[in-house]
file target-v3.cif (mmCIF, C-alpha atoms)
data_my_file
#
loop_
_atom_site.label_atom_id
_atom_site.label_comp_id
_atom_site.auth_asym_id
_atom_site.auth_seq_id
_atom_site.Cartn_x
_atom_site.Cartn_y
_atom_site.Cartn_z
CA MET T 1 6.00 28.84 -6.97
CA GLN T 2 5.51 32.20 -5.26
CA ILE T 3 2.69 33.10 -7.64
CA PHE T 4 0.91 29.85 -6.79
CA GLN T 5 1.34 30.52 -3.11
CA GLU T 6 -0.05 34.03 -3.36
CA LYS T 7 -3.08 32.90 -5.32
CA SER T 8 -3.87 29.85 -3.23
CA GLY T 9 -2.76 31.04 0.19
CA ILE T 10 -0.74 27.89 0.75
CA ILE T 11 2.64 28.47 2.42
CA MET T 12 5.76 26.39 1.76
CA GLU T 13 5.81 24.99 5.26
CA ASN T 14 2.42 23.42 4.61
CA ILE T 15 3.75 21.47 1.65
CA PHE T 16 4.82 18.22 3.24
CA ILE T 17 7.21 15.85 1.53
CA ILE T 18 6.84 12.30 2.86
CA VAL T 19 10.01 10.27 2.48
CA PRO T 20 9.71 6.60 3.50
CA ALA T 21 13.16 5.15 4.14
CA TYR T 22 14.43 1.66 4.75
CA ASN T 23 18.17 1.16 5.01
CA GLU T 24 19.01 4.23 2.93
CA GLY T 25 21.90 5.39 5.09
CA THR T 26 24.26 5.77 2.14
CA VAL T 27 22.03 8.07 0.07
CA ILE T 28 19.46 9.70 2.31
CA GLN T 29 21.36 12.90 3.07
CA THR T 30 21.93 13.47 -0.64
CA ALA T 31 18.26 12.87 -1.33
CA LEU T 32 17.01 15.21 1.40
CA LYS T 33 19.27 18.25 1.11
CA PRO T 34 17.74 19.66 -2.11
CA LEU T 35 14.31 19.40 -0.50
CA LEU T 36 15.44 21.38 2.52
CA GLN T 37 16.74 24.21 0.36
CA ASN T 38 13.17 24.88 -0.72
CA ASP T 39 11.62 25.24 2.74
CA TYR T 40 9.29 22.30 2.29
CA SER T 41 8.34 20.44 5.45
CA VAL T 42 10.06 17.09 5.12
CA VAL T 43 8.84 14.03 7.00
CA VAL T 44 11.12 11.01 7.01
CA VAL T 45 9.53 7.75 8.09
CA ASP T 46 12.26 5.32 9.03
CA ASP T 47 10.64 1.96 8.38
CA GLY T 48 12.59 -0.19 10.80
CA SER T 49 15.98 0.40 9.24
CA THR T 50 18.82 -1.74 10.54
CA ASP T 51 21.56 0.56 9.25
CA ASN T 52 22.40 4.16 10.21
CA THR T 53 19.57 5.82 8.24
CA CYS T 54 18.19 7.60 11.28
CA GLN T 55 21.58 8.72 12.59
CA LYS T 56 22.37 10.28 9.23
CA ILE T 57 19.39 12.65 9.41
CA LEU T 58 19.29 13.59 13.10
CA GLU T 59 20.92 16.96 12.47
CA LEU T 60 18.73 17.84 9.52
CA PRO T 61 15.62 19.99 10.00
CA VAL T 62 13.24 17.18 9.15
CA HIS T 63 10.44 15.51 11.04
CA ILE T 64 11.50 11.98 11.93
CA LEU T 65 9.14 9.11 12.63
CA GLN T 66 10.33 5.59 13.29
CA HIS T 67 8.63 2.25 12.87
CA PRO T 68 10.24 -0.15 15.37
CA ILE T 69 9.92 -2.94 12.81
CA ASN T 70 9.82 -2.96 9.03
CA LEU T 71 6.24 -2.80 7.77
CA GLY T 72 6.70 -1.78 4.14
CA GLN T 73 6.68 1.33 2.00
CA GLY T 74 2.90 1.56 1.91
CA ALA T 75 2.68 1.54 5.68
CA ALA T 76 5.46 4.12 5.99
CA LEU T 77 3.71 6.44 3.54
CA GLN T 78 0.42 6.19 5.42
CA THR T 79 2.18 6.92 8.71
CA GLY T 80 3.84 9.96 7.16
CA VAL T 81 0.59 11.19 5.64
CA GLU T 82 -1.35 10.90 8.91
CA TYR T 83 1.39 12.80 10.71
CA ALA T 84 1.50 15.49 8.02
CA LEU T 85 -2.26 15.96 8.18
CA GLU T 86 -2.02 16.39 11.95
CA GLN T 87 0.63 19.06 11.36
CA GLY T 88 -1.69 20.99 9.05
CA ALA T 89 -0.42 19.93 5.63
CA ASP T 90 -2.24 21.48 2.66
CA ILE T 91 -0.36 19.48 0.03
CA ILE T 92 1.37 16.14 0.51
CA VAL T 93 4.03 14.73 -1.80
CA HIS T 94 5.38 11.18 -1.82
CA PHE T 95 9.12 11.16 -2.51
CA ASP T 96 11.56 8.24 -2.63
CA ALA T 97 14.60 8.20 -0.36
CA ASP T 98 16.91 6.47 -2.81
CA GLY T 99 17.59 9.50 -4.99
CA GLN T 100 15.48 8.37 -7.96
CA HIS T 101 13.20 11.40 -7.80
CA ASN T 102 14.15 14.89 -8.90
CA PRO T 103 13.18 17.57 -6.36
CA ASP T 104 13.04 20.12 -9.20
CA ASP T 105 9.93 18.28 -10.44
CA ILE T 106 7.96 19.12 -7.30
CA PRO T 107 6.67 22.53 -8.47
CA ALA T 108 5.27 20.99 -11.66
CA LEU T 109 3.82 18.14 -9.60
CA ILE T 110 1.93 20.38 -7.20
CA LYS T 111 0.95 23.14 -9.62
CA PRO T 112 -2.37 21.48 -10.63
CA ILE T 113 -3.30 21.25 -6.95
CA PHE T 114 -2.49 24.91 -6.36
CA GLU T 115 -4.71 25.75 -9.33
CA ASP T 116 -7.45 23.40 -8.06
CA ALA T 117 -7.25 21.52 -11.35
CA ALA T 118 -6.66 18.15 -9.69
CA ASP T 119 -6.90 16.41 -6.32
CA VAL T 120 -4.07 13.98 -7.09
CA VAL T 121 -1.10 14.46 -9.40
CA LEU T 122 0.85 11.40 -10.53
CA GLY T 123 4.34 11.52 -11.91
CA SER T 124 5.13 9.63 -15.10
CA ARG T 125 8.60 8.80 -16.31
CA PHE T 126 7.18 7.87 -19.71
CA LEU T 127 5.94 11.42 -20.32
CA SER T 128 9.42 12.77 -19.69
CA ALA T 129 11.86 12.88 -22.58
CA ALA T 130 14.70 12.66 -20.07
CA SER T 131 13.51 9.42 -18.49
CA ALA T 132 11.46 7.52 -21.03
CA HIS T 133 14.39 6.20 -23.02
CA VAL T 134 16.60 5.26 -20.09
CA VAL T 135 14.16 2.87 -18.42
CA PRO T 136 15.75 -0.60 -18.50
CA LYS T 137 13.99 -2.79 -21.10
CA LEU T 138 12.80 -5.51 -18.76
CA LYS T 139 11.56 -2.96 -16.25
CA LYS T 140 9.69 -1.21 -19.06
CA VAL T 141 7.90 -4.46 -19.94
CA VAL T 142 6.98 -5.09 -16.32
CA LEU T 143 5.74 -1.53 -15.87
CA LYS T 144 3.61 -1.85 -18.99
CA LEU T 145 2.10 -5.06 -17.62
CA GLY T 146 1.45 -3.26 -14.36
CA MET T 147 -0.27 -0.50 -16.31
CA ILE T 148 -2.60 -3.03 -17.97
CA PHE T 149 -3.36 -4.78 -14.68
CA THR T 150 -4.12 -1.52 -12.91
CA GLY T 151 -6.23 -0.28 -15.79
CA ILE T 152 -8.37 -3.42 -15.69
CA MET T 153 -8.70 -3.47 -11.89
CA SER T 154 -9.26 0.24 -11.26
CA GLY T 155 -10.44 1.64 -14.57
CA ILE T 156 -7.63 4.17 -14.48
CA TRP T 157 -5.34 4.02 -17.50
CA LEU T 158 -2.03 5.73 -16.90
CA THR T 159 1.31 5.76 -18.62
CA ASP T 160 3.17 4.99 -15.37
CA THR T 161 1.30 3.16 -12.60
CA HIS T 162 4.19 2.38 -10.25
CA ASN T 163 5.82 5.75 -9.97
CA GLY T 164 6.19 6.70 -6.33
CA PHE T 165 6.26 10.44 -7.10
CA ARG T 166 2.76 11.71 -6.30
CA ALA T 167 1.09 14.76 -4.84
CA PHE T 168 -2.22 15.04 -3.01
CA SER T 169 -4.39 17.88 -1.90
CA ARG T 170 -5.27 17.82 1.77
CA SER T 171 -8.78 16.61 1.12
CA ALA T 172 -7.56 13.81 -1.15
CA ALA T 173 -4.97 12.73 1.42
CA GLN T 174 -7.69 12.63 4.06
CA LYS T 175 -9.91 10.42 1.93
CA ILE T 176 -7.29 7.95 0.71
CA THR T 177 -6.16 5.33 3.23
CA ILE T 178 -3.30 3.04 2.32
CA THR T 179 -3.91 -0.39 3.86
CA GLU T 180 -1.47 -2.38 1.70
CA ASN T 181 1.73 -2.24 3.71
CA ARG T 182 4.06 -3.40 0.97
CA MET T 183 4.33 -2.54 -2.71
CA ALA T 184 0.71 -3.24 -3.63
CA HIS T 185 -0.05 0.21 -2.18
CA ALA T 186 0.66 1.76 -5.58
CA SER T 187 -2.23 -0.15 -7.14
CA GLU T 188 -4.37 0.47 -4.08
CA ILE T 189 -3.92 4.24 -4.31
CA LEU T 190 -5.07 4.20 -7.92
CA HIS T 191 -8.02 1.98 -7.03
CA GLN T 192 -9.07 4.45 -4.34
CA ILE T 193 -8.67 7.43 -6.67
CA SER T 194 -11.09 5.72 -9.02
CA TYR T 195 -13.49 4.59 -6.28
CA LEU T 196 -13.56 8.02 -4.63
CA LYS T 197 -13.87 9.75 -8.02
CA LEU T 198 -10.95 12.07 -7.27
CA ARG T 199 -9.64 14.33 -10.03
CA TYR T 200 -6.23 13.15 -11.18
CA ILE T 201 -3.66 14.11 -13.75
CA GLU T 202 -0.27 12.80 -14.87
CA VAL T 203 2.74 15.06 -15.25
CA PRO T 204 6.21 14.25 -16.59
CA VAL T 205 8.87 13.59 -13.98
CA THR T 206 12.49 12.54 -14.27
CA ILE T 207 13.60 9.26 -12.73
CA TYR T 208 17.29 8.75 -12.14
CA TYR T 209 18.45 5.16 -12.44
CA THR T 210 21.61 4.44 -10.54
CA GLU T 211 23.23 1.12 -9.76
CA TYR T 212 22.12 1.60 -6.17
CA SER T 213 18.47 2.33 -6.99
CA LEU T 214 18.22 -0.49 -9.53
CA LYS T 215 19.63 -2.93 -7.00
CA LYS T 216 17.12 -1.78 -4.39
CA GLY T 217 14.18 -1.67 -6.77
CA GLN T 218 11.46 -4.24 -7.12
CA SER T 219 12.38 -7.58 -8.64
CA ILE T 220 10.36 -8.83 -11.57
CA LEU T 221 9.12 -11.81 -9.56
CA ASN T 222 7.79 -9.47 -6.90
CA LEU T 223 5.22 -8.28 -9.44
CA ILE T 224 3.39 -11.56 -8.75
CA ASN T 225 3.36 -10.79 -5.03
CA ILE T 226 2.06 -7.29 -5.70
CA ILE T 227 -0.78 -8.62 -7.86
CA LEU T 228 -1.71 -11.29 -5.31
CA ASP T 229 -1.57 -8.82 -2.41
CA PHE T 230 -3.82 -6.40 -4.27
CA ILE T 231 -6.38 -9.06 -5.26
CA LEU T 232 -6.47 -10.65 -1.80
CA GLY T 233 -6.75 -7.20 -0.27
CA ARG T 234 -9.89 -6.54 -2.30
CA ILE T 235 -11.44 -9.91 -1.36
CA PHE T 236 -10.66 -9.69 2.35
CA LYS T 237 -11.72 -6.06 2.82
CA MET H 1 -22.90 -33.60 -13.08
CA ILE H 2 -23.51 -35.53 -9.87
CA LEU H 3 -25.32 -33.99 -6.93
CA ILE H 4 -22.20 -33.67 -4.79
CA GLN H 5 -20.72 -31.09 -7.16
CA PRO H 6 -23.28 -28.28 -6.93
CA VAL H 7 -23.70 -29.02 -3.24
CA LEU H 8 -19.97 -28.58 -2.59
CA ILE H 9 -19.82 -25.47 -4.74
CA LEU H 10 -22.77 -23.97 -2.92
CA LEU H 11 -21.25 -24.86 0.45
CA LEU H 12 -17.95 -23.28 -0.58
CA LEU H 13 -19.63 -20.08 -1.73
CA LEU H 14 -21.85 -19.85 1.32
CA GLY H 15 -18.92 -20.62 3.58
CA ALA H 16 -16.78 -18.01 1.86
CA VAL H 17 -19.43 -15.30 2.07
CA PHE H 18 -20.31 -16.25 5.62
CA PHE H 19 -16.80 -16.28 7.00
CA PHE H 20 -15.25 -13.50 4.97
CA ARG H 21 -18.01 -11.08 5.89
CA PHE H 22 -19.01 -12.31 9.31
CA VAL H 23 -15.77 -13.72 10.59
CA GLY H 24 -16.08 -11.56 13.68
CA ASN H 25 -19.54 -12.89 14.54
CA GLN H 26 -18.72 -15.28 17.35
CA ILE H 27 -22.22 -16.61 17.84
CA LEU H 28 -22.61 -17.74 14.25
CA GLY H 29 -19.06 -19.07 14.19
CA ARG H 30 -19.62 -21.12 17.33
CA PHE H 31 -22.93 -22.36 15.99
CA PHE H 32 -21.20 -23.57 12.85
CA VAL H 33 -18.45 -25.31 14.79
CA VAL H 34 -20.97 -27.07 17.03
CA LEU H 35 -23.03 -28.14 14.02
CA LEU H 36 -19.94 -29.46 12.28
CA GLY H 37 -18.89 -31.29 15.40
CA LEU H 38 -22.31 -32.96 15.71
CA ILE H 39 -22.18 -34.08 12.07
CA VAL H 40 -18.71 -35.55 12.54
CA LEU H 41 -19.83 -37.24 15.75
CA PHE H 42 -22.84 -38.73 13.98
CA PHE H 43 -20.68 -40.24 11.25
CA LEU H 44 -18.24 -41.57 13.83
CA VAL H 45 -21.01 -43.29 15.78
CA PHE H 46 -22.85 -44.51 12.68
CA PRO H 47 -20.09 -44.95 10.07
CA GLY H 48 -22.34 -47.11 7.87
CA THR H 49 -24.58 -44.12 7.16
CA THR H 50 -21.81 -42.44 5.17
CA GLN H 51 -22.50 -44.89 2.35
CA TYR H 52 -26.17 -43.94 2.17
CA VAL H 53 -25.37 -40.25 2.27
CA ALA H 54 -22.67 -40.71 -0.36
CA GLU H 55 -25.08 -42.52 -2.70
CA PHE H 56 -27.59 -39.71 -2.23
CA PHE H 57 -24.95 -37.21 -3.43
CA GLY H 58 -23.88 -39.46 -6.29
CA VAL H 59 -20.50 -40.31 -4.81
CA GLY H 60 -19.27 -43.91 -4.97
CA ARG H 61 -17.97 -44.39 -1.44
CA GLY H 62 -18.65 -42.86 1.94
CA ALA H 63 -14.96 -42.25 2.48
CA ASP H 64 -14.74 -40.33 -0.79
CA MET H 65 -17.68 -38.15 0.25
CA LEU H 66 -16.00 -37.34 3.56
CA PHE H 67 -12.81 -36.51 1.69
CA TYR H 68 -14.63 -34.05 -0.60
CA PHE H 69 -16.39 -32.31 2.27
CA THR H 70 -13.18 -32.15 4.25
CA ASP H 71 -11.42 -30.50 1.29
CA ALA H 72 -14.16 -27.89 1.05
CA PHE H 73 -14.01 -27.26 4.77
CA LEU H 74 -10.23 -26.89 4.73
CA PHE H 75 -10.43 -24.40 1.87
CA VAL H 76 -12.88 -22.26 3.80
CA LEU H 77 -10.76 -22.64 6.94
CA ILE H 78 -7.68 -21.34 5.10
CA GLY H 79 -9.71 -18.34 3.99
CA VAL H 80 -10.89 -17.70 7.54
CA LEU H 81 -7.37 -17.97 8.92
CA TYR H 82 -6.07 -15.60 6.24
CA ALA H 83 -8.81 -13.11 7.12
CA LYS H 84 -7.89 -13.34 10.80
CA PHE H 85 -4.19 -12.98 9.99
CA LYS H 86 -4.95 -9.88 7.91
CA SER H 87 -6.97 -8.45 10.75
CA GLN H 88 -4.11 -9.01 13.19
CA LYS H 89 -1.69 -7.43 10.76
CA GLU H 90 -3.90 -4.35 10.57
CA ILE H 91 -3.98 -4.10 14.35
CA THR H 92 -0.19 -4.41 14.56
CA THR H 93 0.24 -1.79 11.84
CA ARG H 94 -2.11 0.56 13.65
CA LEU H 95 -0.21 0.15 16.92
CA ILE H 96 3.17 0.74 15.29
CA ARG H 97 1.81 3.77 13.45
CA GLU H 98 0.42 5.32 16.62
CA LEU H 99 3.74 4.71 18.37
CA ALA H 100 5.68 6.30 15.52
CA ILE H 101 3.44 9.38 15.43
CA HIS H 102 3.38 9.69 19.22
CA THR H 103 7.20 9.57 19.43
CA ALA H 104 7.85 11.70 16.33
CA ARG H 105 10.76 14.10 16.47
CA PRO H 106 9.52 17.35 14.97
CA SER H 107 11.67 19.26 12.56
CA SER H 108 14.55 21.10 14.19
CA ALA H 109 15.60 24.52 12.98
CA ALA H 110 19.11 24.01 14.38
CA TYR H 111 20.59 23.14 11.01
CA LYS H 112 19.92 25.13 7.86
CA PRO H 113 21.76 24.20 4.65
CA GLU H 114 23.12 27.08 2.61
CA ALA H 115 20.44 28.40 0.24
CA LYS H 116 21.30 28.35 -3.47
CA GLY H 117 23.31 31.44 -4.52
CA ASN H 118 23.92 32.74 -0.97
CA ASN H 119 27.41 33.54 0.23
CA ASN H 120 28.73 32.95 3.72
CA GLU H 121 29.10 36.53 4.78
CA SER H 122 27.37 37.37 7.99
CA THR H 123 25.57 40.63 8.51
#

call {"tool": "encode", "arguments": {"input": "target-v3.cif", "output": "C-alpha cells"}}
result
Amino acid sequence: MQIFQEKSGIIMENIFIIVPAYNEGTVIQTALKPLLQNDYSVVVVDDGSTDNTCQKILELPVHILQHPINLGQGAALQTGVEYALEQGADIIVHFDADGQHNPDDIPALIKPIFEDAADVVLGSRFLSAASAHVVPKLKKVVLKLGMIFTGIMSGIWLTDTHNGFRAFSRSAAQKITITENRMAHASEILHQISYLKLRYIEVPVTIYYTEYSLKKGQSILNLINIILDFILGRIFK
Amino acid sequence: MILIQPVLILLLLLGAVFFFRFVGNQILGRFFVVLLGLIVLFFLVFPGTTQYVAEFFGVGRGADMLFYFTDAFLFVLIGVLYAKFKSQKEITTRLIRELAIHTARPSSAAYKPEAKGNNNEST
C-alpha cells in the first residue's frame, strides 16, 4: 500500500470507507475495528436505525452521519459519498456493516485506482476461490439471474452484479449519482458506469456468510422489487 | 382492428410522453384538465351523442366507449401520480441527506485501537 501511496500521492486519510448501517448494533464494532487499524477514513451512515447502532460507534474515530428515517442502502451510500467528497476523498470504498466484507481485500480493490488502470473497481465473490463455493445454492441462482438482467439492461457483463464491495476514484464518485434509495442502486451504479463510459474492472473478494448476514440479506422475492424499481426508475427519470 | 384501438393506443402513448416528460408544466396540465372537463360536460349535457361517437370509433355502445377512454385516462393518471410521488421522494431524500451531512459528527481522534503487532508499553 505504501508503494501505491508514494507513486500516486494519495494518503490513507483520503481513502474513505463508506459504511451504510441499519440496525447493525450487534456487529458494527466488529466490522469497523479492522478498518480503523489501517488509518482509513471511515464514514458510517446510520440509516434511521432503531437499535443502538449509533451508540455502539460513538467512541470510535469514525465520521458519523444519521438519517432521521430509514431511506435505504442506496440513499445511505450516496449520503456517505457526498460527505466524503466534501472532506476531500481521493478514493471511496463501499463496505457493508454486517461483517460480510473482508477489510484485507481493500488494498487489492483500490490498487487499480492507484495505478490509474480503472475508475471503478467491483468486487466479485465468484472470482475468489474462498467464496465461490460457499455461496448458498439458491442465492447463487438469484445472483446469476441478476447478472443476466444487469447485462441486458446496462451492457455490462460481470460475474457478480450485487456485490456491495466497490471502490471509486474521486472523479468517478463525482460523476455517479445514486438515485435508487433501496437495493436497486446496485443495478443503477452499473448502468451509470456503462452510460458514463467509466473504466471498470472486477477483482476477487471474500464474502463471509454468517447466520446473521444471511438472515439480514435480500430475500429472493425482493429481486422482483429490485427489477421493478430499476425499470421504473429508468422510465420516470 | 376497429378505430377505437389505434386511437386509444395513440392517446396512451401521447399521454405518457406528455405527462412523464412535462409533468411539471402547469399550463399544459391545466389546459388538458380543462379540455377533459369540457368533453365530459358535453357528454353529460348531450348523452345521446356518445352513441354517434362510439359508432365512429367502431365501438358498439356509447357507454363502452366511455369505459375505454376512462381506462386509458386512469392508466395515464396512475403514471402521473407515480411520477409526482417519485419527485416528492427525491425531495425528501435530498432534505434528509442535507440534514445528515450538516449535522455530521466528524471523526474523533480520542480513541485509537491498538495497531497490529504493537505492545502496550509507553515511551

call {"tool": "resolve_selection", "arguments": {"input": "target-v3.cif", "expression": "the PyMOL selection byres ((chain H and resi 88-101) around 6)", "output": "PyMOL selection string"}}
result
(chain T and resi 65-67+79) or (chain H and resi 85-87+102-104)

call {"tool": "residues_around", "arguments": {"input": "target-v3.cif", "residues": "Ala118 of chain T", "least_positions_apart": "5", "cutoff": "8 Å", "atoms": "only C-alpha atoms", "output": "JSON, numbers by chain"}}
result
{"T": [112, 113, 198, 199, 200, 201]}

call {"tool": "write_last_selection", "arguments": {"input": "target-v3.cif", "atoms": "C-alpha atoms", "output": "mmCIF file, keeping the file's coordinate frame"}}
result
data_model
loop_
_atom_site.group_PDB
_atom_site.id
_atom_site.type_symbol
_atom_site.label_atom_id
_atom_site.label_comp_id
_atom_site.auth_asym_id
_atom_site.auth_seq_id
_atom_site.Cartn_x
_atom_site.Cartn_y
_atom_site.Cartn_z
ATOM 1 C CA PRO T 112 -2.370 21.480 -10.630
ATOM 2 C CA ILE T 113 -3.300 21.250 -6.950
ATOM 3 C CA LEU T 198 -10.950 12.070 -7.270
ATOM 4 C CA ARG T 199 -9.640 14.330 -10.030
ATOM 5 C CA TYR T 200 -6.230 13.150 -11.180
ATOM 6 C CA ILE T 201 -3.660 14.110 -13.750
#

call {"tool": "atom_distance", "arguments": {"input": "target-v3.cif", "atom1": "atom CA of Ala63 of chain H", "atom2": "atom CA of Leu13 of chain H"}}
result
23.0 Å

call {"tool": "atom_distance", "arguments": {"input": "target-v3.cif", "atom1": "atom CA of Gly60 of chain H", "atom2": "atom CA of Val7 of chain H"}}
result
15.6 Å

call {"tool": "axis_aligned_box", "arguments": {"input": "target-v3.cif", "around": "segment 171-179 of chain T", "padding_each_side": "3 Å", "output": "JSON"}}
result
{"center_x": -6.6, "center_y": 8.1, "center_z": 1.5, "size_x": 12.6, "size_y": 23.0, "size_z": 11.2}

call {"tool": "closest_residue", "arguments": {"input": "target-v3.cif", "among": "T:Arg170, T:Lys140, T:His63, T:His101", "to": "chain H", "atoms": "all atoms listed in the file"}}
result
T:His63

call {"tool": "atom_distance", "arguments": {"input": "target-v3.cif", "atom1": "atom CA of Glu82 of chain T", "atom2": "atom CA of Lys175 of chain T"}}
result
11.1 Å

call {"tool": "interface_residues", "arguments": {"input": "target-v3.cif", "of": "chain T", "to": "chain H", "cutoff": "8 Å", "atoms": "all atoms listed in the file", "output": "list in words"}}
result
Lys33, Leu36, Gln37, Ser41, Val42, Glu59, Leu60, Pro61, Val62, His63, Ile64, Leu65, Gln66, His67, Pro68, Leu71, Ala75, Thr79, Tyr83, Thr179 and Phe236 of chain T

call {"tool": "residues_around", "arguments": {"input": "target-v3.cif", "residues": "segment 30-32 of chain T", "least_positions_apart": "4", "cutoff": "8 Å", "atoms": "all atoms listed in the file", "output": "PyMOL selection string"}}
result
chain T and resi 36+97-99

call {"tool": "resolve_selection", "arguments": {"input": "target-v3.cif", "expression": "the PyMOL selection byres ((chain T and resi 44-53) around 6)", "output": "VMD selection string"}}
result
chain T and resid 19 to 25 43 54 to 56 64 to 70 76

call {"tool": "closest_residue", "arguments": {"input": "target-v3.cif", "among": "T:Ser171, T:Ser154, T:Thr177, T:Asn225", "to": "Tyr195 of chain T", "atoms": "all atoms listed in the file"}}
result
T:Ser154
